[in-house]
Structure formats: C-alpha cells, structure tokens
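The data block below is data-v4.csv; it holds CSV, C-alpha atoms and all ligand atoms.
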```csv
chain,number,residue,atom,x,y,z
A,1,MET,CA,-1.1,-18.9,18.8
A,2,SER,CA,-4.0,-20.5,16.9
A,3,HIS,CA,-6.2,-18.4,14.8
A,4,ALA,CA,-8.5,-18.7,11.7
A,5,LYS,CA,-6.5,-18.2,8.5
A,6,TYR,CA,-7.2,-15.1,6.5
A,7,GLN,CA,-8.1,-14.4,2.9
A,8,VAL,CA,-6.5,-11.5,1.2
A,9,THR,CA,-8.4,-9.6,-1.5
A,10,ILE,CA,-6.5,-7.5,-3.9
A,11,VAL,CA,-8.5,-4.7,-5.6
A,12,LYS,CA,-7.2,-2.9,-8.7
A,13,TYR,CA,-9.1,0.4,-8.6
A,14,GLY,CA,-6.9,2.6,-10.9
A,15,THR,CA,-4.4,2.5,-13.7
A,16,ARG,CA,-2.1,4.6,-15.9
A,17,GLN,CA,0.5,4.2,-18.7
A,18,THR,CA,4.0,5.6,-18.3
A,19,VAL,CA,7.6,4.9,-19.2
A,20,ARG,CA,10.3,2.9,-17.5
A,21,SER,CA,12.5,6.0,-16.9
A,22,ASP,CA,9.6,7.5,-15.0
A,23,VAL,CA,9.4,4.7,-12.5
A,24,TYR,CA,13.0,3.5,-12.1
A,25,LEU,CA,15.4,5.9,-10.4
A,26,ASN,CA,18.3,7.1,-12.7
A,27,TYR,CA,17.1,4.6,-15.3
A,28,HIS,CA,19.8,5.8,-17.8
A,29,LEU,CA,22.4,4.1,-15.6
A,30,TYR,CA,21.2,0.7,-16.6
A,31,GLY,CA,22.0,1.3,-20.2
A,32,GLU,CA,18.7,-0.1,-21.4
A,33,PRO,CA,16.2,1.4,-23.8
A,34,ASP,CA,13.3,3.2,-22.4
A,35,GLY,CA,9.9,1.8,-23.0
A,36,PRO,CA,6.3,1.8,-21.9
A,37,ILE,CA,5.2,0.4,-18.6
A,38,GLY,CA,1.8,0.3,-17.0
A,39,MET,CA,1.1,1.2,-13.4
A,40,ASP,CA,-1.9,-0.2,-11.6
A,41,TYR,CA,-3.3,1.1,-8.3
A,42,PHE,CA,-4.5,-1.2,-5.5
A,43,PHE,CA,-5.8,-1.5,-2.0
A,44,TRP,CA,-6.1,-4.7,0.0
A,45,ILE,CA,-8.6,-6.3,2.3
A,46,VAL,CA,-7.6,-8.9,4.9
A,47,ARG,CA,-10.3,-11.0,6.5
A,48,ASN,CA,-11.4,-14.1,8.2
A,49,ALA,CA,-14.6,-15.0,10.0
A,50,GLU,CA,-13.7,-12.9,13.0
A,51,ARG,CA,-12.2,-9.7,11.6
A,52,THR,CA,-11.7,-7.5,8.6
A,53,ILE,CA,-8.6,-5.3,8.2
A,54,ILE,CA,-8.2,-2.7,5.4
A,55,VAL,CA,-4.8,-2.1,4.0
A,56,ASP,CA,-4.7,1.4,2.3
A,57,THR,CA,-7.6,3.2,0.8
A,58,GLY,CA,-6.5,4.3,-2.7
A,59,PHE,CA,-6.4,7.7,-4.3
A,60,SER,CA,-9.3,10.2,-3.9
A,61,ALA,CA,-11.2,11.5,-7.0
A,62,ALA,CA,-9.4,14.8,-6.5
A,63,GLY,CA,-5.9,13.3,-6.0
A,64,GLY,CA,-6.3,11.0,-9.0
A,65,ALA,CA,-7.7,13.7,-11.3
A,66,ARG,CA,-4.9,16.1,-10.4
A,67,ARG,CA,-2.4,13.6,-11.7
A,68,GLY,CA,-4.4,12.3,-14.7
A,69,ARG,CA,-4.9,8.8,-13.2
A,70,THR,CA,-7.7,6.6,-14.5
A,71,THR,CA,-10.2,5.3,-12.0
A,72,LEU,CA,-11.5,1.8,-12.8
A,73,ILE,CA,-13.9,1.5,-9.9
A,74,GLU,CA,-14.6,4.0,-7.1
A,75,PRO,CA,-13.0,2.6,-4.0
A,76,ALA,CA,-16.2,3.2,-2.0
A,77,ALA,CA,-18.2,1.1,-4.5
A,78,ALA,CA,-15.5,-1.6,-4.4
A,79,PHE,CA,-15.5,-1.8,-0.6
A,80,ASP,CA,-19.3,-2.0,-0.6
A,81,ALA,CA,-19.5,-4.6,-3.5
A,82,LEU,CA,-17.0,-6.8,-1.6
A,83,GLY,CA,-19.2,-6.6,1.6
A,84,VAL,CA,-16.9,-4.5,3.7
A,85,ASP,CA,-19.0,-2.9,6.5
A,86,ARG,CA,-17.3,0.5,6.6
A,87,ALA,CA,-19.5,1.8,9.4
A,88,ALA,CA,-18.3,-1.0,11.7
A,89,GLY,CA,-14.9,0.7,11.9
A,90,PRO,CA,-12.5,-2.0,10.7
A,91,PRO,CA,-8.9,-1.2,11.4
A,92,VAL,CA,-7.2,0.6,8.5
A,93,VAL,CA,-3.5,0.1,8.0
A,94,VAL,CA,-1.8,2.9,6.2
A,95,THR,CA,1.4,1.5,4.6
A,96,HIS,CA,2.5,5.1,3.9
A,97,ALA,CA,0.8,8.5,3.5
A,98,HIS,CA,1.1,9.0,-0.3
A,99,TYR,CA,-2.0,10.3,-2.1
A,100,ASP,CA,-2.7,6.9,-3.7
A,101,HIS,CA,-2.8,5.1,-0.4
A,102,ILE,CA,-4.7,7.4,2.0
A,103,GLY,CA,-7.0,9.1,-0.4
A,104,ASN,CA,-10.3,7.7,0.9
A,105,LEU,CA,-9.6,7.5,4.7
A,106,ASP,CA,-12.8,9.4,5.2
A,107,LEU,CA,-14.7,6.3,4.0
A,108,PHE,CA,-13.8,4.9,7.4
A,109,PRO,CA,-14.7,7.6,9.9
A,110,ALA,CA,-15.0,5.1,12.8
A,111,SER,CA,-11.9,3.1,12.2
A,112,PRO,CA,-8.6,3.0,14.0
A,113,VAL,CA,-5.8,4.1,11.7
A,114,ILE,CA,-2.5,2.2,12.0
A,115,LEU,CA,0.8,3.5,10.7
A,116,ALA,CA,4.4,3.8,11.6
A,117,ALA,CA,5.2,6.6,13.9
A,118,ALA,CA,8.0,7.6,11.6
A,119,GLU,CA,5.5,8.1,8.8
A,120,TYR,CA,3.1,10.2,10.8
A,121,ASP,CA,6.0,12.2,12.2
A,122,PHE,CA,7.5,12.8,8.8
A,123,TRP,CA,4.3,14.1,7.2
A,124,THR,CA,3.5,16.3,10.1
A,125,GLY,CA,7.1,17.5,10.3
A,126,PRO,CA,9.4,20.2,8.7
A,127,TYR,CA,10.3,18.4,5.4
A,128,ALA,CA,6.8,17.3,4.3
A,129,ASN,CA,6.4,20.5,2.2
A,130,ARG,CA,9.6,20.0,0.1
A,131,MET,CA,8.6,19.8,-3.5
A,132,LEU,CA,10.1,16.4,-4.4
A,133,LEU,CA,8.4,14.8,-1.4
A,134,HIS,CA,5.2,16.9,-1.2
A,135,HIS,CA,4.1,16.1,-4.8
A,136,SER,CA,3.2,12.6,-3.7
A,137,VAL,CA,0.7,13.8,-1.0
A,138,GLU,CA,-2.5,15.9,-0.7
A,139,ASP,CA,-2.6,18.5,2.0
A,140,GLU,CA,-6.3,17.8,2.7
A,141,GLU,CA,-5.6,14.1,3.2
A,142,LEU,CA,-2.7,14.8,5.6
A,143,ALA,CA,-5.1,17.2,7.5
A,144,TYR,CA,-7.6,14.3,7.7
A,145,LEU,CA,-4.9,12.1,9.2
A,146,ARG,CA,-4.1,14.8,11.8
A,147,GLN,CA,-7.8,15.1,12.5
A,148,ALA,CA,-8.0,11.3,13.0
A,149,GLU,CA,-5.1,11.7,15.5
A,150,ARG,CA,-7.0,14.4,17.4
A,151,GLU,CA,-10.0,12.1,17.5
A,152,GLY,CA,-7.8,9.4,19.2
A,153,ARG,CA,-8.1,7.0,16.2
A,154,VAL,CA,-4.4,7.0,15.1
A,155,ARG,CA,-2.3,4.1,16.5
A,156,THR,CA,1.4,4.4,15.7
A,157,PHE,CA,4.1,1.8,16.1
A,158,ALA,CA,7.9,1.7,15.9
A,159,GLY,CA,9.5,-1.1,14.0
A,160,SER,CA,6.7,-3.7,14.0
A,161,LEU,CA,3.2,-4.3,15.3
A,162,ASP,CA,1.3,-7.5,15.8
A,163,LEU,CA,-2.0,-6.1,14.8
A,164,ALA,CA,-4.0,-9.3,15.2
A,165,PRO,CA,-3.2,-12.9,15.5
A,166,GLY,CA,-1.7,-13.8,12.1
A,167,VAL,CA,-1.3,-10.2,10.9
A,168,ARG,CA,1.9,-8.3,11.4
A,169,VAL,CA,2.8,-4.8,10.2
A,170,LEU,CA,6.5,-4.2,9.6
A,171,GLN,CA,8.2,-0.8,9.0
A,172,VAL,CA,10.9,-1.0,6.3
A,173,GLY,CA,11.3,2.6,5.3
A,174,GLY,CA,13.0,3.6,2.1
A,175,HIS,CA,10.2,4.8,-0.2
A,176,THR,CA,9.0,6.9,2.7
A,177,PRO,CA,10.4,7.1,6.2
A,178,GLY,CA,7.7,4.9,7.7
A,179,GLN,CA,6.9,2.7,4.6
A,180,SER,CA,5.4,-0.5,6.0
A,181,VAL,CA,4.6,-3.9,4.7
A,182,VAL,CA,2.0,-6.4,6.0
A,183,LEU,CA,2.5,-10.1,6.6
A,184,VAL,CA,-0.7,-12.2,6.6
A,185,ASP,CA,-1.2,-15.8,7.5
A,186,THR,CA,-3.5,-17.5,4.9
A,187,ASP,CA,-4.1,-21.1,4.2
A,188,ALA,CA,-2.1,-20.6,1.0
A,189,GLY,CA,0.9,-19.6,3.1
A,190,THR,CA,2.2,-16.3,4.3
A,191,VAL,CA,1.3,-13.4,2.1
A,192,LEU,CA,3.5,-10.3,2.0
A,193,LEU,CA,1.6,-7.1,1.1
A,194,ALA,CA,4.7,-5.2,0.1
A,195,SER,CA,2.9,-2.0,-0.9
A,196,ASP,CA,5.4,0.5,-2.2
A,197,SER,CA,8.5,-1.1,-0.7
A,198,VAL,CA,8.2,-3.1,-4.0
A,199,HIS,CA,6.1,-1.4,-6.7
A,200,TYR,CA,7.0,-4.0,-9.4
A,201,TYR,CA,8.2,-7.6,-9.2
A,202,GLU,CA,11.1,-6.6,-11.4
A,203,GLU,CA,12.0,-3.8,-9.0
A,204,LEU,CA,12.8,-6.5,-6.3
A,205,GLU,CA,14.2,-9.1,-8.6
A,206,ARG,CA,16.7,-6.7,-10.1
A,207,SER,CA,17.1,-4.4,-7.1
A,208,MET,CA,16.0,-1.3,-9.1
A,209,PRO,CA,14.9,1.5,-6.8
A,210,PHE,CA,11.8,3.5,-7.6
A,211,THR,CA,12.0,7.2,-8.5
A,212,GLN,CA,10.2,8.4,-5.4
A,213,VAL,CA,12.5,7.7,-2.5
A,214,ALA,CA,13.1,9.1,1.0
A,215,SER,CA,16.2,7.0,1.7
A,216,LEU,CA,17.9,5.2,-1.1
A,217,VAL,CA,20.0,3.0,1.3
A,218,ASP,CA,16.9,2.1,3.3
A,219,MET,CA,15.2,1.2,0.0
A,220,TYR,CA,18.0,-1.2,-0.9
A,221,ALA,CA,17.9,-2.6,2.6
A,222,ALA,CA,14.2,-3.2,2.4
A,223,PHE,CA,14.8,-5.3,-0.7
A,224,GLU,CA,17.3,-7.4,1.3
A,225,ARG,CA,14.9,-7.7,4.2
A,226,ILE,CA,12.1,-8.9,2.0
A,227,ARG,CA,14.4,-11.4,0.2
A,228,ALA,CA,15.3,-12.8,3.6
A,229,MET,CA,11.7,-13.5,4.5
A,230,ARG,CA,11.8,-17.2,3.7
A,231,GLU,CA,8.3,-17.7,5.1
A,232,VAL,CA,6.7,-15.6,2.4
A,233,ARG,CA,4.9,-17.7,-0.2
A,234,HIS,CA,3.2,-14.9,-2.1
A,235,LEU,CA,4.5,-11.4,-2.6
A,236,VAL,CA,2.0,-8.8,-3.6
A,237,PRO,CA,3.7,-5.6,-4.9
A,238,GLY,CA,2.2,-2.1,-4.8
A,239,HIS,CA,1.7,-1.3,-8.4
A,240,ASP,CA,2.5,-4.1,-10.8
A,241,PRO,CA,0.0,-4.7,-13.6
A,242,ASP,CA,1.1,-8.4,-13.5
A,243,THR,CA,-0.3,-8.8,-10.0
A,244,LEU,CA,-3.9,-9.8,-10.5
A,245,GLY,CA,-3.2,-12.4,-13.1
A,246,ARG,CA,-1.1,-14.4,-10.6
A,247,PHE,CA,-4.0,-15.0,-8.2
A,248,ALA,CA,-7.6,-16.3,-8.2
A,249,PRO,CA,-10.1,-13.9,-9.8
A,250,ALA,CA,-12.6,-12.6,-7.3
A,251,GLY,CA,-15.3,-10.7,-9.2
A,252,LEU,CA,-15.6,-6.9,-9.6
A,253,ASN,CA,-15.4,-7.5,-13.4
A,254,GLY,CA,-11.8,-8.7,-13.2
A,255,LEU,CA,-10.6,-6.0,-10.9
A,256,ALA,CA,-10.2,-8.2,-7.8
A,257,ALA,CA,-8.3,-11.4,-6.9
A,258,THR,CA,-7.9,-13.4,-3.8
A,259,ILE,CA,-5.2,-15.4,-2.0
A,260,GLY,CA,-6.2,-18.0,0.6
A,301,ZN,ZN,1.7,3.9,-4.3
```
Let's see the structure in the file written out as structure tokens.
Amino acid sequence: MSHAKYQVTIVKYGTRQTVRSDVYLNYHLYGEPDGPIGMDYFFWIVRNAERTIIVDTGFSAAGGARRGRTTLIEPAAAFDALGVDRAAGPPVVVTHAHYDHIGNLDLFPASPVILAAAEYDFWTGPYANRMLLHHSVEDEELAYLRQAEREGRVRTFAGSLDLAPGVRVLQVGGHTPGQSVVLVDTDAGTVLLASDSVHYYEELERSMPFTQVASLVDMYAAFERIRAMREVRHLVPGHDPDTLGRFAPAGLNGLAATIG
C-alpha cells in the first residue's frame, strides 16, 4: 500500500536522576558496581501531510510531583508549540497505562484512544490495586481511561493493529500485560517506538530486565522479538537520556528531535 512517509518527533518533557540498581531488576546479580543513571521522560508524535498520531501523553503535574520528577516542559505547551491540533482529536496510542504515559489524556478529549485489550483489562481488573503494580499508576488517570471507554473513544486490539497505512501497533507485553510498541514507516526507514519494552539501549543490548515487570518471561521474549525485527532502522527507547542526541534536533530548546 502506498502512503506518504511519516516524520517522528520525540519530545523529552521530564527527567530525573537515579541509580542503576533502581532501574535494572536484581542488579546485584550482575556483579557490577552500582552507579548513577539518568532517566528521561518522552512522548512521541507521528505525522505526515494527511494525519497526526500521538503516542503517549506523559506524566501529569500531580503524577510527576508525587514521585519527585522534574518537568522540563509542560506536555500541553509542547504539543501546542509543535503545532498539534489537540481539539481535532488525533488518535492517541497508549503504549501502556503507567502514570508517565497516560498522565495528560485529558488534553485530547475528542481523540480515539488506542491500546491493547490486555492492558485495558488488566488495569480495570482484580490485580491493578496490588502495591508493586499499582505504584506505577494514578487512580484518577485510570478512571479517565474508563470514562473514555464509556464515551466510546477507546479502541482495543489483541496482538497487533494496523492503525493507519505505515503505522502498526504491536503488543509485546512483559513490562505490563499489554505493553505495546509502534512501528512507523519514515523516509529514514522503519522507526520502532519501543516505549517501555526497552527503557534503555543497554537494556536491550544486554538483555537486562527493568525493575517494574508484569511478566519476566514476556519481557525477555519482547527483547527477542525486537531483535528479530530486521526492518527496524531506528530504535527509540522509552527513557534513555542518550536518545535525543542520536537524532536531528527539532526545537523546543533542545527538548525535541525528529526522524524522517
Ligand atoms: Zn515509562
């Protein structure tokens, strides 16, 4: 199918400093010294002349403040500065429902919300309130997701979804039950928005699972699936401070980069 190539915009809206043992599961098993590591927070915009697709919406002011995160630019201001017409209701892909990915869904009150059925079902199901899982979500934000569902705006899928020509959403699980990635056709080749299936480049390169995990086996399997995607030219991880420097600067005082 022919279609106009897309451009991917990566927006770094938040940051924090932590240590390696806080991000890598059972880090002591590697027998390496602990040390500082940064964690950046991103959302992504996919667009061509015909359409705009939003991938995740960042943490809310409340969700970020509760965890001591630093906001570098308010997501609403970033969307507006980048010319995203929020009122037009562009589709919003939710890669997973953690607080730092669905925190500003209310900026898109007219948008269809696309996520894996397994993700929606999990966070509206009996284990969502267990402490080690629940600490990564905000109840008000899950309530907003349920409200969007009642409004008929939530579109779920199982396995994969061809959202638009050249844009495919793929459920990989692991980090959360319905953790998804997005494959985008750009004129710089296929881009994989890995979101939190791969927080850090090192995480994939060394198969080092992240601390927050729903299924450890699925997380390892997701690494294998991603490694097998020979068509991917550019991998964009969910939280790596090294990400922006690998791509073309795109304004926002150094907080944005583009591919394609
Ligand atoms: Zn995240």
Of the candidates A:Asp22, A:Val182, A:Lys12, A:Glu119, which one gets nearest to A:Ile54 if we count all atoms listed in the file?
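Checking each candidate against A:Ile54, we get A:Val182 as the closest.
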So which residues are near ligand ZN 301 (chain A), meaning at most 8 Å away with all atoms listed in the file counted, given back as a PyMOL selection string?
chain A and resi 41+98-101+195-196+199+238-239
Using only C-alpha atoms, the shortest atom-to-atom distance to A:Leu255 among A:Ala4, A:Ala81, A:Ala116, A:Val92 belongs to A:Ala81
May I ask which of the residues A:Ala222, A:Ala228, A:Ala257, A:Val93 is the closest one to A:Leu163, counting only C-alpha atoms?
A:Val93
Nearest residue to A:Thr243 out of A:Thr70, A:Thr258, A:Gln179, A:Asn26, using all atoms listed in the file?
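Residue with the minimum atom-to-atom distance to A:Thr243: A:Thr258.
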Can you list every residue of stretch 129-199 of chain A that has an atom at most 12 Å from stretch 47-52 of chain A, with its nearest atom pair and the distance in Å to one decimal, using all atoms listed in the file, ordered by chain then number, as CSV?
```
residue,atom,partner,partner_atom,distance
A:Leu163,CA,A:Arg51,CA,11.3
A:Ala164,CA,A:Arg51,CA,9.0
A:Pro165,CA,A:Arg51,CA,10.3
A:Gly166,CA,A:Asn48,CA,10.5
A:Val167,CA,A:Arg47,CA,10.0
A:Val184,CA,A:Arg47,CA,9.7
A:Asp185,CA,A:Arg47,CA,10.3
A:Thr186,CA,A:Asn48,CA,9.2
A:Asp187,CA,A:Asn48,CA,10.9
```
Dump C-alpha atoms for the selected residues as an mmCIF file, in the coordinates of the input?
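Written out: result_30.cif:
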```
data_model
loop_
_atom_site.group_PDB
_atom_site.id
_atom_site.type_symbol
_atom_site.label_atom_id
_atom_site.label_comp_id
_atom_site.auth_asym_id
_atom_site.auth_seq_id
_atom_site.Cartn_x
_atom_site.Cartn_y
_atom_site.Cartn_z
ATOM 1 C CA LEU A 163 -2.000 -6.100 14.800
ATOM 2 C CA ALA A 164 -4.000 -9.300 15.200
ATOM 3 C CA PRO A 165 -3.200 -12.900 15.500
ATOM 4 C CA GLY A 166 -1.700 -13.800 12.100
ATOM 5 C CA VAL A 167 -1.300 -10.200 10.900
ATOM 6 C CA VAL A 184 -0.700 -12.200 6.600
ATOM 7 C CA ASP A 185 -1.200 -15.800 7.500
ATOM 8 C CA THR A 186 -3.500 -17.500 4.900
ATOM 9 C CA ASP A 187 -4.100 -21.100 4.200
#
```
Of the candidates A:Tyr27, A:Tyr6, A:Tyr201, A:Tyr13, which one gets nearest to A:Gly58 if we count all atoms listed in the file?
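Distance minimum relative to A:Gly58 lands on A:Tyr13.
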Could you pull the residues within 12 Å of A:Gly125, counting all atoms listed in the file, minus those fewer than 6 positions along the same chain, as an MDAnalysis selection string?
chainID A and resid 117:119 134 142 146 177
Taking (3.1, 12.5, 14.8) in the file's own coordinates, collect the residues within 12 Å, counting all atoms listed in the file, and hand them back as a list in words.
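With a cut-off of 12 Å, the residues come to Leu115, Ala116, Ala117, Ala118, Glu119, Tyr120, Asp121, Phe122, Trp123, Thr124, Gly125, Pro126, Leu142, Ala143, Leu145, Arg146, Gln147, Ala148, Glu149, Arg150, Val154, Arg155, Thr156, Phe157, Ala158 and Gly178 of chain A.
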Selection near A:Leu252, 9 Å with all atoms listed in the file, sequence-local residues under 6 positions removed, as a short mmCIF file (atom, residue, chain, number, x, y, z; two decimals) with C-alpha atoms, keeping the file's coordinate frame:
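File out12.cif, as written:
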```cif
data_model
loop_
_atom_site.label_atom_id
_atom_site.label_comp_id
_atom_site.auth_asym_id
_atom_site.auth_seq_id
_atom_site.Cartn_x
_atom_site.Cartn_y
_atom_site.Cartn_z
CA VAL A 11 -8.50 -4.70 -5.60
CA ILE A 73 -13.90 1.50 -9.90
CA ALA A 78 -15.50 -1.60 -4.40
CA ALA A 81 -19.50 -4.60 -3.50
CA LEU A 82 -17.00 -6.80 -1.60
#
```
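Across the model, the gap from atom CA of A:Arg206 to atom CA of A:Gly174 is 16.4 Å.
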Rounded to one decimal, what separation in Å do you get between atom CA of A:Arg233 and atom CA of A:Arg168?
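Taking atom CA of A:Arg233 and atom CA of A:Arg168, their separation equals 15.2 Å.
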